[in-house]
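Okay, entry_12.csv is below, CSV, C-alpha atoms and all ligand atoms:
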```
chain,number,residue,atom,x,y,z
A,1,MET,CA,4.7,-18.2,-7.4
A,2,ASP,CA,1.7,-18.0,-5.0
A,3,HIS,CA,1.1,-14.3,-4.1
A,4,GLY,CA,0.7,-15.0,-0.4
A,5,LEU,CA,4.1,-16.8,-0.3
A,6,ALA,CA,5.7,-14.1,-2.4
A,7,PHE,CA,4.4,-11.5,0.1
A,8,ALA,CA,5.7,-13.4,3.0
A,9,LEU,CA,9.2,-13.7,1.4
A,10,GLY,CA,9.1,-10.0,0.6
A,11,CYS,CA,8.3,-9.3,4.2
A,12,LEU,CA,11.3,-11.4,5.3
A,13,ARG,CA,13.5,-9.5,2.8
A,14,ASN,CA,12.5,-6.1,4.0
A,15,PRO,CA,10.0,-6.0,6.9
A,16,ARG,CA,10.1,-2.2,7.4
A,17,ARG,CA,9.4,-1.4,3.8
A,18,VAL,CA,6.7,-4.0,3.4
A,19,GLY,CA,5.1,-2.9,6.7
A,20,ALA,CA,2.3,-5.4,6.8
A,21,ILE,CA,1.9,-9.1,7.8
A,22,ALA,CA,-0.5,-9.9,4.9
A,23,PRO,CA,-1.6,-8.5,1.6
A,24,ALA,CA,-4.7,-6.3,1.6
A,25,SER,CA,-7.9,-8.3,2.0
A,26,ARG,CA,-10.7,-8.2,-0.7
A,27,ALA,CA,-12.7,-5.9,1.6
A,28,LEU,CA,-9.8,-3.4,1.8
A,29,ALA,CA,-9.1,-3.7,-1.9
A,30,GLN,CA,-12.7,-3.0,-2.7
A,31,ALA,CA,-12.9,0.0,-0.3
A,32,VAL,CA,-9.8,1.5,-1.8
A,33,CYS,CA,-11.1,0.9,-5.4
A,34,ASP,CA,-14.5,2.4,-4.6
A,35,GLU,CA,-12.9,5.5,-3.2
A,36,ALA,CA,-10.3,5.8,-6.0
A,37,LEU,CA,-12.7,5.4,-8.9
A,38,ARG,CA,-15.3,7.7,-7.5
A,39,GLY,CA,-15.9,10.6,-9.9
A,40,ALA,CA,-13.4,11.0,-12.8
A,41,PRO,CA,-10.1,9.5,-11.7
A,42,GLY,CA,-8.0,10.7,-14.7
A,43,VAL,CA,-4.6,9.0,-14.7
A,44,LEU,CA,-4.6,6.3,-12.0
A,45,ILE,CA,-1.3,5.7,-10.1
A,46,GLU,CA,-0.6,3.2,-7.4
A,47,VAL,CA,2.5,3.4,-5.3
A,48,GLY,CA,3.8,0.5,-3.2
A,49,ALA,CA,1.7,-2.1,-4.9
A,50,GLY,CA,3.3,-5.2,-3.3
A,51,THR,CA,2.0,-8.4,-4.8
A,52,GLY,CA,-1.0,-6.6,-6.4
A,53,ALA,CA,-4.0,-7.3,-4.1
A,54,ILE,CA,-5.2,-3.7,-4.7
A,55,THR,CA,-3.8,-3.5,-8.2
A,56,ARG,CA,-6.0,-6.4,-9.3
A,57,ARG,CA,-9.2,-4.8,-8.1
A,58,LEU,CA,-8.2,-1.4,-9.6
A,59,ALA,CA,-7.1,-3.0,-12.9
A,60,THR,CA,-10.4,-4.8,-13.4
A,61,ALA,CA,-12.4,-1.7,-12.6
A,62,ALA,CA,-10.1,0.7,-14.4
A,63,ARG,CA,-10.2,-0.9,-17.9
A,64,ALA,CA,-11.8,2.2,-19.4
A,65,LEU,CA,-9.1,4.5,-18.0
A,66,ASP,CA,-6.5,5.9,-20.3
A,67,ARG,CA,-3.5,5.1,-18.1
A,68,PHE,CA,-2.7,3.1,-15.0
A,69,VAL,CA,0.8,3.4,-13.7
A,70,VAL,CA,2.3,1.4,-10.7
A,71,TYR,CA,5.4,2.1,-8.7
A,72,GLU,CA,7.0,-0.7,-6.7
A,73,LEU,CA,10.5,-0.5,-5.2
A,74,ASP,CA,11.0,-4.3,-4.6
A,75,PRO,CA,12.3,-5.8,-7.9
A,76,ASP,CA,10.8,-9.2,-7.2
A,77,PHE,CA,7.3,-7.7,-6.5
A,78,ALA,CA,7.7,-5.5,-9.6
A,79,GLY,CA,8.5,-8.6,-11.7
A,80,LEU,CA,5.4,-10.4,-10.4
A,81,LEU,CA,3.2,-7.3,-11.1
A,82,ARG,CA,4.5,-7.1,-14.7
A,83,ILE,CA,3.6,-10.7,-15.3
A,84,ALA,CA,0.2,-10.5,-13.6
A,85,PHE,CA,-0.8,-7.2,-15.1
A,86,PRO,CA,0.7,-6.8,-18.6
A,87,GLU,CA,-1.7,-4.0,-19.5
A,88,VAL,CA,-0.4,-1.8,-16.5
A,89,GLU,CA,2.7,0.3,-16.7
A,90,VAL,CA,4.8,-1.1,-13.8
A,91,LEU,CA,7.9,1.0,-12.8
A,92,ASN,CA,10.4,-0.6,-10.4
A,93,HIS,CA,11.1,2.9,-9.0
A,94,CYS,CA,10.9,4.6,-5.6
A,95,ALA,CA,7.7,6.5,-5.1
A,96,SER,CA,9.8,9.6,-4.4
A,97,ARG,CA,10.0,9.8,-8.2
A,98,VAL,CA,6.3,9.9,-8.8
A,99,ASP,CA,6.2,13.7,-9.3
A,100,ARG,CA,8.5,13.2,-12.3
A,101,LEU,CA,5.9,11.3,-14.3
A,102,VAL,CA,5.1,13.2,-17.5
A,103,ILE,CA,1.3,13.9,-17.6
A,104,GLY,CA,-0.7,16.5,-19.6
A,105,ALA,CA,-0.9,19.7,-17.6
A,106,ASP,CA,-4.8,19.6,-17.4
A,107,THR,CA,-5.1,15.9,-16.5
A,108,PRO,CA,-6.3,15.0,-13.1
A,109,VAL,CA,-4.5,12.2,-11.1
A,110,THR,CA,-5.8,9.8,-8.6
A,111,LEU,CA,-2.9,8.5,-6.6
A,112,VAL,CA,-3.4,5.4,-4.4
A,113,SER,CA,-0.7,4.8,-1.8
A,114,SER,CA,-0.1,1.5,0.1
A,115,LEU,CA,3.2,2.9,1.3
A,116,PRO,CA,3.9,1.9,5.0
A,117,LEU,CA,4.7,5.5,5.9
A,118,LEU,CA,5.1,4.7,9.6
A,119,SER,CA,7.4,1.8,9.3
A,120,MET,CA,9.6,2.7,6.3
A,121,PRO,CA,12.8,4.7,6.9
A,122,ALA,CA,11.6,8.2,7.9
A,123,HIS,CA,13.7,10.2,5.4
A,124,GLU,CA,12.4,8.0,2.6
A,125,ALA,CA,8.8,8.4,3.8
A,126,ARG,CA,9.3,12.2,3.8
A,127,LEU,CA,10.7,12.2,0.2
A,128,CYS,CA,7.7,10.0,-1.0
A,129,ILE,CA,5.2,12.3,0.8
A,130,ASP,CA,6.8,15.4,-0.7
A,131,ALA,CA,6.7,13.8,-4.2
A,132,MET,CA,3.0,12.7,-3.8
A,133,LEU,CA,2.0,16.2,-2.6
A,134,ALA,CA,3.9,17.9,-5.4
A,135,LEU,CA,2.1,15.7,-8.0
A,136,VAL,CA,-1.5,16.0,-6.6
A,137,SER,CA,-1.1,19.8,-6.1
A,138,ARG,CA,0.3,20.3,-9.6
A,139,GLN,CA,-2.4,18.3,-11.5
A,140,PRO,CA,-5.9,19.9,-11.3
A,141,HIS,CA,-8.7,18.0,-9.5
A,142,SER,CA,-6.3,15.4,-8.2
A,143,ARG,CA,-6.6,13.3,-5.0
A,144,LEU,CA,-4.5,10.9,-2.9
A,145,VAL,CA,-6.0,7.8,-1.4
A,146,GLN,CA,-3.9,6.4,1.4
A,147,TYR,CA,-4.8,3.5,3.8
A,148,THR,CA,-3.3,3.1,7.3
A,149,TYR,CA,-3.3,0.5,10.0
A,150,ALA,CA,-2.9,3.1,12.8
A,151,SER,CA,-5.7,4.4,15.0
A,152,PRO,CA,-8.7,5.4,12.8
A,153,HIS,CA,-8.3,9.0,14.2
A,154,LEU,CA,-4.7,9.4,13.1
A,155,ARG,CA,-4.3,11.1,9.7
A,156,PRO,CA,-1.7,9.5,7.5
A,157,PHE,CA,0.7,12.5,7.7
A,158,ASP,CA,0.9,16.2,8.5
A,159,GLY,CA,2.2,19.1,6.6
A,160,ILE,CA,-0.4,19.1,3.9
A,161,PRO,CA,-0.8,22.2,1.7
A,162,PRO,CA,-3.2,25.0,2.7
A,163,GLY,CA,-6.6,24.4,1.2
A,164,TRP,CA,-6.4,20.6,1.5
A,165,HIS,CA,-7.8,18.3,4.1
A,166,TRP,CA,-8.0,14.6,5.0
A,167,ARG,CA,-11.4,12.9,4.7
A,168,ARG,CA,-11.9,9.5,6.3
A,169,ALA,CA,-13.5,7.5,3.5
A,170,ALA,CA,-13.9,4.0,5.1
A,171,SER,CA,-13.0,1.8,8.0
A,172,VAL,CA,-12.3,-1.8,7.0
A,173,TRP,CA,-12.4,-4.3,9.9
A,174,ALA,CA,-12.1,-7.4,7.6
A,175,ASN,CA,-8.4,-6.9,7.1
A,176,LEU,CA,-5.3,-8.0,9.0
A,177,PRO,CA,-4.8,-5.6,10.7
A,178,PRO,CA,-8.0,-3.5,10.4
A,179,ALA,CA,-7.4,-0.5,8.1
A,180,THR,CA,-8.7,3.0,7.5
A,181,VAL,CA,-8.9,4.5,4.0
A,182,TRP,CA,-8.2,8.2,3.9
A,183,THR,CA,-8.5,10.7,1.0
A,184,LEU,CA,-6.5,13.9,0.7
A,185,GLU,CA,-8.4,16.3,-1.3
A,186,GLN,CA,-8.9,20.1,-1.8
A,187,VAL,CA,-11.4,21.6,0.6
A,188,PRO,CA,-14.6,22.3,-1.2
A,189,HIS,CA,-14.8,26.0,-2.1
A,190,SER,CA,-17.9,26.7,0.1
A,191,LEU,CA,-16.1,25.2,3.2
A,192,ASN,CA,-12.9,27.2,2.3
A,193,ASN,CA,-15.0,30.4,2.5
A,194,GLY,CA,-16.4,29.4,5.9
A,195,ILE,CA,-19.9,28.7,4.4
A,196,HIS,CA,-20.9,25.4,5.9
B,201,LIG,C1,1.9,-2.7,2.7
B,201,LIG,S1,2.9,-3.3,1.3
B,201,LIG,C2,1.7,-3.2,0.0
B,201,LIG,C3,0.7,-4.2,0.1
B,201,LIG,C4,-0.2,-4.3,-1.2
B,201,LIG,N1,-1.2,-3.3,-1.2
B,201,LIG,C5,-0.8,-5.7,-1.2
B,201,LIG,O1,-1.9,-5.8,-0.6
B,201,LIG,O2,-0.1,-6.6,-1.6
B,201,LIG,C6,3.9,-1.9,0.9
B,201,LIG,C7,4.6,-1.9,-0.4
B,201,LIG,O3,5.3,-0.7,-0.6
B,201,LIG,C8,6.6,-1.0,-1.2
B,201,LIG,N2,7.4,0.1,-1.0
B,201,LIG,C9,8.1,0.5,0.2
B,201,LIG,N3,8.8,1.6,0.1
B,201,LIG,C10,8.6,2.0,-1.2
B,201,LIG,C11,9.0,3.1,-2.0
B,201,LIG,N4,9.8,4.1,-1.4
B,201,LIG,N5,8.6,3.2,-3.3
B,201,LIG,C12,7.8,2.3,-3.8
B,201,LIG,N6,7.4,1.2,-3.2
B,201,LIG,C13,7.7,1.1,-1.9
B,201,LIG,C14,7.0,-2.3,-0.6
B,201,LIG,O4,8.0,-2.9,-1.3
B,201,LIG,C15,5.7,-3.0,-0.4
B,201,LIG,O5,5.5,-3.8,-1.6
```

Take the structure in the file and write it out as structure tokens.
Amino acid sequence: MDHGLAFALGCLRNPRRVGAIAPASRALAQAVCDEALRGAPGVLIEVGAGTGAITRRLATAARALDRFVVYELDPDFAGLLRIAFPEVEVLNHCASRVDRLVIGADTPVTLVSSLPLLSMPAHEARLCIDAMLALVSRQPHSRLVQYTYASPHLRPFDGIPPGWHWRRAASVWANLPPATVWTLEQVPHSLNNGIH
């Protein structure tokens, strides 16, 4: 099935959980990919992959990575992702289980989230946020890349652990609607000590 049509049907099935009127544009997928694969990404994880607009870009660029795992709650989307990306581990699970993924204790994680945190049910969003925070705080040198459609000044969520901050990585106007890419990362040591 055409991915645009599949996305539209998914949106009709569950508008709050899909949370967007169109898949990510090429420009947004590229911006997320550039940010996610900056430095050493370690294990790459994408949550809320939809029909795979961002997955496609990540999978092409991430061929050299040891592991790329995708979480997608919608079973139809997960099925499409498995067919389109046989080399990727696609889990038809809620992202609130992401912290249960077994990963070597020293391995960094780069977590890319397309979850519509503002439109999905609030209790589910909180469980997903808690699981994502648990994972990136547990694995050393890990980061969370989250894009939003809200005001470019509004951080994706509050309640981040001490010593972490949001960095606005990119604004993407060529997307419907325009998007902001944010990275949650540990504050560099020098800033943490008040040395700017
Ligand atoms: C904005 S769409 C993703 C769009 C995708 N980046 C694309 O361009 O095709 C959000 C996705 O998150 C998925 N989703 C929503 N809640 C979820 C959850 N709790 N766990 C995993 N996936 C979830 C939805 O099924 C939907 O596919």

Neighbourhood of ligand LIG 201 (chain B) at 6 Å, counting all atoms listed in the file, reported as an MDAnalysis selection string: chainID A and resid 17:20 23:24 47:54 71:74 94:95 114:116

Kindly indicate which residue among A:Ala131, A:His153, A:Pro178, A:Pro161 lies nearest to Arg97 (chain A), using only C-alpha atoms for the distances. A:Ala131

For region 162-174 of chain A, work out the shell of residues within 8 Å, counting all atoms listed in the file and skipping chain neighbours fewer than 4 positions away, then give it as an NGL selection string. :A and (25 or 27-28 or 31 or 35 or 152 or 155 or 178-187 or 192)

What does the distance from CA of Leu5 (chain A) to CA of Leu44 (chain A) come to in Å, to one decimal?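 Taking CA of Leu5 (chain A) as the start and CA of Leu44 (chain A) as the end point, the length is 27.3 Å.
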
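The space separating CA of Arg100 (chain A) from CA of Pro156 (chain A) comes to 22.6 Å.
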
Could you tell me which of A:Arg143, A:Arg13, A:His123, A:Arg138 comes closest to Leu37 (chain A) if we count only C-alpha atoms? A:Arg143

Would you mind reading off the distance between CA of Phe77 (chain A) and CA of Leu118 (chain A), one decimal, in Å?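 So the two atoms, CA of Phe77 (chain A) and CA of Leu118 (chain A), lie 20.4 Å apart.
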
Tell me, as an NGL selection string, which residues lie within 10 Å of Asp34 (chain A), counting only C-alpha atoms; anything in the same chain fewer than 4 positions away does not count. :A and (28-30 or 38-39 or 57-58 or 61 or 169-170)

Create the file for the chosen residues now, containing C-alpha atoms and written as a PDB file, keeping the file's coordinate frame.
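After the write, again-v8.pdb holds the following:
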```pdb
ATOM      1  CA  LEU A  28      -9.800  -3.400   1.800  1.00  0.00           C
ATOM      2  CA  ALA A  29      -9.100  -3.700  -1.900  1.00  0.00           C
ATOM      3  CA  GLN A  30     -12.700  -3.000  -2.700  1.00  0.00           C
ATOM      4  CA  ARG A  38     -15.300   7.700  -7.500  1.00  0.00           C
ATOM      5  CA  GLY A  39     -15.900  10.600  -9.900  1.00  0.00           C
ATOM      6  CA  ARG A  57      -9.200  -4.800  -8.100  1.00  0.00           C
ATOM      7  CA  LEU A  58      -8.200  -1.400  -9.600  1.00  0.00           C
ATOM      8  CA  ALA A  61     -12.400  -1.700 -12.600  1.00  0.00           C
ATOM      9  CA  ALA A 169     -13.500   7.500   3.500  1.00  0.00           C
ATOM     10  CA  ALA A 170     -13.900   4.000   5.100  1.00  0.00           C
TER      11      ALA A 170
END
```

N, CA and C atoms restored at region 156-191 of chain A, emitted as a compact mmCIF listing (two decimals), in the frame of the given file:
```txt
# COMPACT_ATOMS: atom_id res chain seq x y z
N PRO A 156 -2.93 10.16 7.96
CA PRO A 156 -1.70 9.50 7.50
C PRO A 156 -0.44 10.30 7.63
N PHE A 157 -0.51 11.62 7.40
CA PHE A 157 0.70 12.50 7.70
C PHE A 157 0.22 13.91 7.76
N ASP A 158 1.12 14.73 8.40
CA ASP A 158 0.90 16.20 8.50
C ASP A 158 1.57 16.93 7.45
N GLY A 159 1.48 18.24 7.54
CA GLY A 159 2.20 19.10 6.60
C GLY A 159 1.60 19.14 5.24
N ILE A 160 0.25 19.06 5.20
CA ILE A 160 -0.40 19.10 3.90
C ILE A 160 -0.59 20.58 3.47
N PRO A 161 -0.71 20.83 2.17
CA PRO A 161 -0.80 22.20 1.70
C PRO A 161 -2.03 22.94 2.20
N PRO A 162 -1.98 24.27 2.33
CA PRO A 162 -3.20 25.00 2.70
C PRO A 162 -4.28 24.75 1.67
N GLY A 163 -5.53 24.67 2.15
CA GLY A 163 -6.60 24.40 1.20
C GLY A 163 -6.91 22.95 0.97
N TRP A 164 -6.15 22.07 1.62
CA TRP A 164 -6.40 20.60 1.50
C TRP A 164 -6.76 20.05 2.82
N HIS A 165 -7.48 18.93 2.80
CA HIS A 165 -7.80 18.30 4.10
C HIS A 165 -7.89 16.75 3.86
N TRP A 166 -7.80 16.03 4.99
CA TRP A 166 -8.00 14.60 5.00
C TRP A 166 -9.46 14.26 5.24
N ARG A 167 -10.02 13.37 4.47
CA ARG A 167 -11.40 12.90 4.70
C ARG A 167 -11.29 11.36 4.95
N ARG A 168 -11.89 10.91 6.07
CA ARG A 168 -11.90 9.50 6.30
C ARG A 168 -12.96 8.83 5.45
N ALA A 169 -12.53 7.99 4.50
CA ALA A 169 -13.50 7.50 3.50
C ALA A 169 -14.09 6.13 3.96
N ALA A 170 -13.34 5.29 4.67
CA ALA A 170 -13.90 4.00 5.10
C ALA A 170 -13.03 3.39 6.19
N SER A 171 -13.69 2.60 7.03
CA SER A 171 -13.00 1.80 8.00
C SER A 171 -13.22 0.33 7.59
N VAL A 172 -12.16 -0.44 7.52
CA VAL A 172 -12.30 -1.80 7.00
C VAL A 172 -11.80 -2.75 8.15
N TRP A 173 -12.76 -3.44 8.78
CA TRP A 173 -12.40 -4.30 9.90
C TRP A 173 -11.97 -5.70 9.34
N ALA A 174 -12.48 -6.06 8.17
CA ALA A 174 -12.10 -7.40 7.60
C ALA A 174 -10.80 -7.30 6.88
N ASN A 175 -9.78 -7.00 7.63
CA ASN A 175 -8.40 -6.90 7.10
C ASN A 175 -7.47 -7.19 8.27
N LEU A 176 -6.29 -7.71 7.98
CA LEU A 176 -5.30 -8.00 9.00
C LEU A 176 -4.11 -7.11 8.86
N PRO A 177 -3.93 -6.09 9.68
CA PRO A 177 -4.80 -5.60 10.70
C PRO A 177 -5.93 -4.72 10.12
N PRO A 178 -6.98 -4.38 10.91
CA PRO A 178 -8.00 -3.50 10.40
C PRO A 178 -7.40 -2.18 9.85
N ALA A 179 -8.04 -1.62 8.83
CA ALA A 179 -7.40 -0.50 8.10
C ALA A 179 -8.42 0.68 8.01
N THR A 180 -7.86 1.86 7.83
CA THR A 180 -8.70 3.00 7.50
C THR A 180 -8.24 3.61 6.20
N VAL A 181 -9.23 3.92 5.37
CA VAL A 181 -8.90 4.50 4.00
C VAL A 181 -9.17 6.01 4.15
N TRP A 182 -8.16 6.77 3.79
CA TRP A 182 -8.20 8.20 3.90
C TRP A 182 -8.06 8.82 2.46
N THR A 183 -8.73 9.96 2.24
CA THR A 183 -8.50 10.70 1.00
C THR A 183 -8.03 12.10 1.30
N LEU A 184 -6.93 12.49 0.65
CA LEU A 184 -6.50 13.90 0.70
C LEU A 184 -6.99 14.60 -0.48
N GLU A 185 -7.76 15.64 -0.23
CA GLU A 185 -8.40 16.30 -1.30
C GLU A 185 -8.50 17.83 -1.02
N GLN A 186 -8.79 18.62 -2.03
CA GLN A 186 -8.90 20.10 -1.80
C GLN A 186 -10.24 20.31 -1.05
N VAL A 187 -10.19 21.23 -0.10
CA VAL A 187 -11.40 21.60 0.60
C VAL A 187 -12.38 22.19 -0.35
N PRO A 188 -13.66 21.73 -0.33
CA PRO A 188 -14.60 22.30 -1.20
C PRO A 188 -14.68 23.84 -1.05
N HIS A 189 -14.91 24.57 -2.14
CA HIS A 189 -14.80 26.00 -2.10
C HIS A 189 -15.72 26.64 -1.03
N SER A 190 -16.94 26.08 -0.85
CA SER A 190 -17.90 26.70 0.10
C SER A 190 -17.31 26.55 1.53
N LEU A 191 -16.64 25.40 1.85
CA LEU A 191 -16.10 25.20 3.20
C LEU A 191 -14.86 26.16 3.35
```
